[in-house]
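The structure appears right after this line, and notes come after that.
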Amino acid sequence: MEKSKNNQNKLTVGLLAVYLFTLTWIILFKMQFSLQGLPDFREINLIPFAGSANVNNQIDFNEIIYNVLAFIPFGIYISMLKSNWPFLKKIAVIAGVSLLFEGLQFIFAIGASDITDFMGNTLGGIIGVGVNIVFCKLFSTKANKILNVLASIGTICIVGLLLFLIYLRISGVIIYKVS
């Protein structure tokens with residue numbers, strides 16, 4: 001039983017590493033292959049739902065939803081790996097990682113640092129912690145195993161999609177811009 005739990009933790013750590021690598025590539029490197037392709041601007045917005053979340057004087061809910069969705073897996077992974085941590089400690093780590101990403105964008109002038117992004121990311125992490133709680137209540141000792149299977153399938157799909165987008169970009173079929 002202990003060996004199975006240890007193997008599940010190793011799988012979770014591996015999935016977390018792939019997730020963080022992908023998240024870093026998307027947020028900091030804007031899915032670019034060279035540093036020359038990165039945007040060269042530094043902007044900070046400390047007013048919620050203004051700035052980058054506001055397009056044509058309307059709130060861009062898609063960007064907010066993407067930020068929430070992007071951090072749900074992080075909440076799940078943290079909860080799986082640190083099940084003994086209190087809820088607020090998990091949220092503090094999630095908020096800290098989000099703040100780190102926003103701060104690095106500002107420091108390296110590779111995008112806008114936005115409080116709305118920070119709030120959306122943190123909310124996504126909270127939802128992820130909640131998802132883990134629900135799975136633990138529903139499936140008890142098998143929760144991590146089920147979540148790892150789902151996360152593995154999701155990771156394979158996301159990596160496949162990213163590889164497909166990379167192929168399309170390299171072949172010149174599409175050109176996309178990530179803000």
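Naming works like this for the structure tokens: A, B, ... for the chains as they're shown, residue 1 at the start of each chain, ligands 1 onward in shown order.
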Name all residues at most 10 Å from A:Leu15 (count only C-alpha atoms; drop same-chain ones fewer than 3 positions away) and give them as a PDB file with C-alpha atoms, in the first residue's frame.
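Result went into selection.pdb, see below:
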```
ATOM      1  CA  ASN A   9       3.191  10.830  -5.404  1.00  0.00           C
ATOM      2  CA  LYS A  10       5.987  10.403  -7.948  1.00  0.00           C
ATOM      3  CA  LEU A  11       3.450  10.536 -10.780  1.00  0.00           C
ATOM      4  CA  THR A  12       1.852  13.630  -9.241  1.00  0.00           C
ATOM      5  CA  VAL A  18       5.073  19.227 -16.782  1.00  0.00           C
ATOM      6  CA  TYR A  19       2.220  21.538 -15.753  1.00  0.00           C
ATOM      7  CA  LEU A  20       4.562  24.210 -14.310  1.00  0.00           C
ATOM      8  CA  PHE A  21       6.858  24.012 -17.347  1.00  0.00           C
ATOM      9  CA  PRO A  73      -4.666  21.999 -11.812  1.00  0.00           C
ATOM     10  CA  TYR A  77      -1.658  19.101  -7.422  1.00  0.00           C
ATOM     11  CA  ASN A 148      -3.646  11.228 -11.468  1.00  0.00           C
ATOM     12  CA  ALA A 151      -4.457  14.605 -14.944  1.00  0.00           C
ATOM     13  CA  SER A 152      -2.403  12.242 -17.125  1.00  0.00           C
ATOM     14  CA  GLY A 154      -5.402  16.028 -19.562  1.00  0.00           C
ATOM     15  CA  THR A 155      -1.628  16.471 -19.747  1.00  0.00           C
TER      16      THR A 155
END
```
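Nearest-residue note for A:Leu163: choosing from A:Gly103, A:Ser140, A:Thr24, A:Met31, the minimum distance belongs to A:Met31, counting only C-alpha atoms.
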Can you tell me how far atom CA of A:Leu168 sits from atom CA of A:Tyr66, in Å to one decimal?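 Calculated distance between atom CA of A:Leu168 and atom CA of A:Tyr66 is 21.9 Å.
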### Query
Looking only at the backbone, which of the residues in chain A does DSSP tag as strand (DSSP E or B), as a ChimeraX atom specification?
/A:41-45,54-55,58-59,110-114
Requested in this report: For A:Leu88, please output as JSON, numbers by chain all residues within 12 Å (counting only C-alpha atoms; exclusion window: fewer than 6 positions along the same chain).
Outcome: {"A": [75, 78, 79, 94, 95, 96, 122, 125, 126, 129]}
Coordinates-based distance that separates atom CA of A:Lys142 from atom CA of A:Lys5 (Å, one decimal):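 It comes out at 9.9 Å.
Compared by their closest atoms to A:Asn7, and using only C-alpha atoms, the residues A:Ile153, A:Leu81, A:Phe101, A:Gly172 rank with A:Leu81 nearest.
Residues lying within 12 Å of A:Cys136, counting only C-alpha atoms and ignoring same-chain neighbours fewer than 4 positions away, are Ile76, Ser79, Met80, Ser83, Val129, Gly130, Val131, Asn132, Ser140, Thr141, Lys142, Ala143, Asn144, Lys145, Ile146 and Leu147 of chain A.
Here atom CA of A:Ser113 and atom CA of A:Leu38 stand 14.8 Å from one another.
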Using only C-alpha atoms for the distances, tell me which of A:Ile166, A:Leu23, A:Ile156, A:Ile115 is nearest to A:Ala50.
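Under the stated criterion, the closest residue is A:Ile115.
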Quiz item: So which one's closest to A:Lys30, A:Ile65, A:Leu99, A:Leu46, A:Ile110? Using only C-alpha atoms, please.
Solution: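 So, comparing all the options, the nearest one is A:Ile110.
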Excluding same-chain residues fewer than 4 positions from A:Gln105, what lies within 12 Å of it counting only C-alpha atoms, as a VMD selection string?
-> chain A and resid 24 26 to 30 38 to 44 98 to 101 109 to 114 117 179
